[in-house]
$ cat structure.pdb   # PDB, C-alpha atoms
ATOM      1  CA  MET H   1     114.358 114.269 140.802
ATOM      2  CA  ILE H   2     115.122 110.566 141.268
ATOM      3  CA  ARG H   3     112.038 109.592 139.248
ATOM      4  CA  PHE H   4     113.100 111.824 136.373
ATOM      5  CA  SER H   5     116.613 110.359 136.297
ATOM      6  CA  ARG H   6     115.155 106.818 136.328
ATOM      7  CA  LEU H   7     112.831 107.747 133.497
ATOM      8  CA  LEU H   8     115.752 109.172 131.560
ATOM      9  CA  ALA H   9     117.813 106.022 132.194
ATOM     10  CA  CYS H  10     114.926 103.802 131.051
ATOM     11  CA  ALA H  11     114.424 105.893 127.916
ATOM     12  CA  ALA H  12     118.140 105.759 127.115
ATOM     13  CA  LEU H  13     118.157 101.984 127.580
ATOM     14  CA  PHE H  14     115.057 101.594 125.394
ATOM     15  CA  PHE H  15     116.583 103.583 122.548
ATOM     16  CA  ALA H  16     119.966 101.915 122.933
ATOM     17  CA  LEU H  17     118.405  98.453 122.655
ATOM     18  CA  GLY H  18     116.128  99.464 119.804
ATOM     19  CA  ALA H  19     118.824 101.087 117.694
ATOM     20  CA  PRO H  20     120.631  97.905 116.595
ATOM     21  CA  SER H  21     117.467  96.402 115.148
ATOM     22  CA  LEU H  22     116.746  99.575 113.189
ATOM     23  CA  THR H  23     120.285  99.524 111.898
ATOM     24  CA  ARG H  24     119.915  95.876 110.822
ATOM     25  CA  ALA H  25     116.643  96.655 109.056
ATOM     26  CA  ASP H  26     118.230  99.605 107.262
ATOM     27  CA  ARG H  27     121.192  97.456 106.289
ATOM     28  CA  ALA H  28     118.893  94.708 104.980
ATOM     29  CA  THR H  29     116.976  97.245 102.888
ATOM     30  CA  ARG H  30     120.179  98.713 101.461
ATOM     31  CA  ASN H  31     121.543  95.267 100.626
ATOM     32  CA  ALA H  32     118.255  94.166  99.069
ATOM     33  CA  LYS H  33     118.286  97.265  96.848
ATOM     34  CA  ARG H  34     121.871  96.530  95.848
ATOM     35  CA  HIS H  35     120.988  92.934  94.887
ATOM     36  CA  TYR H  36     117.892  94.131  93.042
ATOM     37  CA  SER H  37     119.899  96.654  91.016
ATOM     38  CA  SER H  38     122.492  94.040  90.179
ATOM     39  CA  ALA H  39     119.778  91.550  89.193
ATOM     40  CA  THR H  40     118.078  94.060  86.922
ATOM     41  CA  ARG H  41     121.343  94.843  85.129
ATOM     42  CA  LEU H  42     122.022  91.114  84.695
ATOM     43  CA  PHE H  43     118.488  90.487  83.453
ATOM     44  CA  ASP H  44     118.782  93.300  80.919
ATOM     45  CA  ALA H  45     122.088  91.783  79.756
ATOM     46  CA  GLY H  46     120.409  88.407  79.191
ATOM     47  CA  GLN H  47     122.166  86.700  82.109
ATOM     48  CA  TYR H  48     118.976  85.259  83.550
ATOM     49  CA  ASP H  49     120.514  82.591  85.772
ATOM     50  CA  ARG H  50     122.748  85.139  87.498
ATOM     51  CA  ALA H  51     119.875  87.641  87.689
ATOM     52  CA  LEU H  52     117.701  85.016  89.373
ATOM     53  CA  LYS H  53     120.327  84.440  92.062
ATOM     54  CA  GLU H  54     120.524  88.166  92.771
ATOM     55  CA  TYR H  55     116.716  88.486  92.925
ATOM     56  CA  GLN H  56     116.668  85.540  95.341
ATOM     57  CA  ARG H  57     119.273  87.215  97.537
ATOM     58  CA  ALA H  58     117.209  90.404  97.581
ATOM     59  CA  TYR H  59     114.051  88.429  98.423
ATOM     60  CA  LYS H  60     115.806  86.699 101.298
ATOM     61  CA  LEU H  61     116.606  90.107 102.787
ATOM     62  CA  LYS H  62     113.239  91.716 101.961
ATOM     63  CA  PRO H  63     110.529  89.179 101.051
ATOM     64  CA  LEU H  64     108.488  91.481  98.832
ATOM     65  CA  PRO H  65     106.008  89.807  96.448
ATOM     66  CA  GLY H  66     107.390  91.646  93.413
ATOM     67  CA  PHE H  67     110.554  89.588  93.624
ATOM     68  CA  LEU H  68     108.477  86.464  92.992
ATOM     69  CA  PHE H  69     107.324  87.981  89.712
ATOM     70  CA  ASN H  70     110.967  88.621  88.827
ATOM     71  CA  PHE H  71     111.769  84.972  89.602
ATOM     72  CA  GLY H  72     109.060  83.989  87.139
ATOM     73  CA  GLN H  73     110.464  86.265  84.473
ATOM     74  CA  CYS H  74     113.934  84.776  84.882
ATOM     75  CA  TYR H  75     112.638  81.208  84.811
ATOM     76  CA  ARG H  76     110.537  81.986  81.728
ATOM     77  CA  LYS H  77     113.528  83.437  79.888
ATOM     78  CA  MET H  78     115.606  80.373  80.870
ATOM     79  CA  GLY H  79     112.933  78.054  79.458
ATOM     80  CA  GLU H  80     112.017  76.620  82.862
ATOM     81  CA  HIS H  81     108.295  77.059  82.360
ATOM     82  CA  GLU H  82     107.016  74.979  85.290
ATOM     83  CA  LYS H  83     109.174  76.959  87.707
ATOM     84  CA  ALA H  84     108.036  80.194  86.060
ATOM     85  CA  ILE H  85     104.380  79.247  86.476
ATOM     86  CA  GLN H  86     104.934  78.392  90.144
ATOM     87  CA  ALA H  87     106.744  81.685  90.753
ATOM     88  CA  TYR H  88     103.877  83.599  89.114
ATOM     89  CA  ARG H  89     101.334  81.679  91.221
ATOM     90  CA  ASP H  90     103.297  82.483  94.379
ATOM     91  CA  TYR H  91     103.434  86.116  93.316
ATOM     92  CA  LEU H  92      99.680  86.342  92.765
ATOM     93  CA  GLU H  93      98.988  84.512  96.011
ATOM     94  CA  LYS H  94     101.045  87.019  97.977
ATOM     95  CA  SER H  95      99.870  89.984  95.920
ATOM     96  CA  PRO H  96      96.239  89.268  94.932
ATOM     97  CA  LYS H  97      95.604  92.875  93.882
ATOM     98  CA  ALA H  98      98.736  93.167  91.773
ATOM     99  CA  PRO H  99      98.348  95.828  89.078
ATOM    100  CA  ASN H 100      99.784  93.419  86.480
ATOM    101  CA  ARG H 101      97.523  90.519  87.527
ATOM    102  CA  GLU H 102      95.746  90.286  84.144
ATOM    103  CA  ILE H 103      99.058  90.175  82.300
ATOM    104  CA  VAL H 104     100.408  87.472  84.608
ATOM    105  CA  LEU H 105      97.252  85.398  84.187
ATOM    106  CA  GLY H 106      97.168  86.085  80.420
TER     107      GLY H 106
END
$ encode --input "structure.pdb" --output "structure tokens"
Amino acid sequence: MIRFSRLLACAALFFALGAPSLTRADRATRNAKRHYSSATRLFDAGQYDRALKEYQRAYKLKPLPGFLFNFGQCYRKMGEHEKAIQAYRDYLEKSPKAPNREIVLG
């Protein structure tokens, strides 16, 4: 009986310590989605500099390669072509099998 109660205590401790990190990850995902949605609305409204900042905030929370493509799109629309090219290169480096690879290289 003592072994079982120790096992239960260890399991409870394991889950209690693991829960905060899951909560932080969930929070980061939610916040990244919120920034992404905001960025997309701003981009569609032609506010590329503000959209870029929101995409960057989302990327900081969830460093997904697709955000790098979005950076490139914002830079391109703002006329910052060297930065756009670098963002596209970074995107393709992190996502070599990107479905839009030919378009990006085009």
$ resolve_selection --input "structure.pdb" --expression "the PyMOL selection byres ((chain H and resi 69) around 12)" --output "number ranges by chain"
H: 52, 55-56, 59, 63-68, 70-76, 83-95, 98-101, 103-105
$ write_last_selection --input "structure.pdb" --atoms "C-alpha atoms" --output "mmCIF file, in the frame of the given file"
data_model
loop_
_atom_site.group_PDB
_atom_site.id
_atom_site.type_symbol
_atom_site.label_atom_id
_atom_site.label_comp_id
_atom_site.auth_asym_id
_atom_site.auth_seq_id
_atom_site.Cartn_x
_atom_site.Cartn_y
_atom_site.Cartn_z
ATOM 1 C CA LEU H 52 117.701 85.016 89.373
ATOM 2 C CA TYR H 55 116.716 88.486 92.925
ATOM 3 C CA GLN H 56 116.668 85.540 95.341
ATOM 4 C CA TYR H 59 114.051 88.429 98.423
ATOM 5 C CA PRO H 63 110.529 89.179 101.051
ATOM 6 C CA LEU H 64 108.488 91.481 98.832
ATOM 7 C CA PRO H 65 106.008 89.807 96.448
ATOM 8 C CA GLY H 66 107.390 91.646 93.413
ATOM 9 C CA PHE H 67 110.554 89.588 93.624
ATOM 10 C CA LEU H 68 108.477 86.464 92.992
ATOM 11 C CA ASN H 70 110.967 88.621 88.827
ATOM 12 C CA PHE H 71 111.769 84.972 89.602
ATOM 13 C CA GLY H 72 109.060 83.989 87.139
ATOM 14 C CA GLN H 73 110.464 86.265 84.473
ATOM 15 C CA CYS H 74 113.934 84.776 84.882
ATOM 16 C CA TYR H 75 112.638 81.208 84.811
ATOM 17 C CA ARG H 76 110.537 81.986 81.728
ATOM 18 C CA LYS H 83 109.174 76.959 87.707
ATOM 19 C CA ALA H 84 108.036 80.194 86.060
ATOM 20 C CA ILE H 85 104.380 79.247 86.476
ATOM 21 C CA GLN H 86 104.934 78.392 90.144
ATOM 22 C CA ALA H 87 106.744 81.685 90.753
ATOM 23 C CA TYR H 88 103.877 83.599 89.114
ATOM 24 C CA ARG H 89 101.334 81.679 91.221
ATOM 25 C CA ASP H 90 103.297 82.483 94.379
ATOM 26 C CA TYR H 91 103.434 86.116 93.316
ATOM 27 C CA LEU H 92 99.680 86.342 92.765
ATOM 28 C CA GLU H 93 98.988 84.512 96.011
ATOM 29 C CA LYS H 94 101.045 87.019 97.977
ATOM 30 C CA SER H 95 99.870 89.984 95.920
ATOM 31 C CA ALA H 98 98.736 93.167 91.773
ATOM 32 C CA PRO H 99 98.348 95.828 89.078
ATOM 33 C CA ASN H 100 99.784 93.419 86.480
ATOM 34 C CA ARG H 101 97.523 90.519 87.527
ATOM 35 C CA ILE H 103 99.058 90.175 82.300
ATOM 36 C CA VAL H 104 100.408 87.472 84.608
ATOM 37 C CA LEU H 105 97.252 85.398 84.187
#
$ resolve_selection --input "structure.pdb" --expression "the PyMOL selection byres ((chain H and resi 33) around 12)" --output "list of chain:residue names"
H:Asp26, H:Arg27, H:Ala28, H:Thr29, H:Arg30, H:Asn31, H:Ala32, H:Arg34, H:His35, H:Tyr36, H:Ser37, H:Ser38, H:Ala39, H:Thr40, H:Glu54, H:Tyr55, H:Gln56, H:Arg57, H:Ala58, H:Tyr59, H:Lys60, H:Leu61, H:Lys62, H:Pro63, H:Leu64, H:Phe67
$ atom_distance --input "structure.pdb" --atom1 "atom CA of Lys77 of chain H" --atom2 "atom CA of Arg50 of chain H"
12.1 Å
$ atom_distance --input "structure.pdb" --atom1 "atom CA of Asp44 of chain H" --atom2 "atom CA of Glu80 of chain H"
18.1 Å
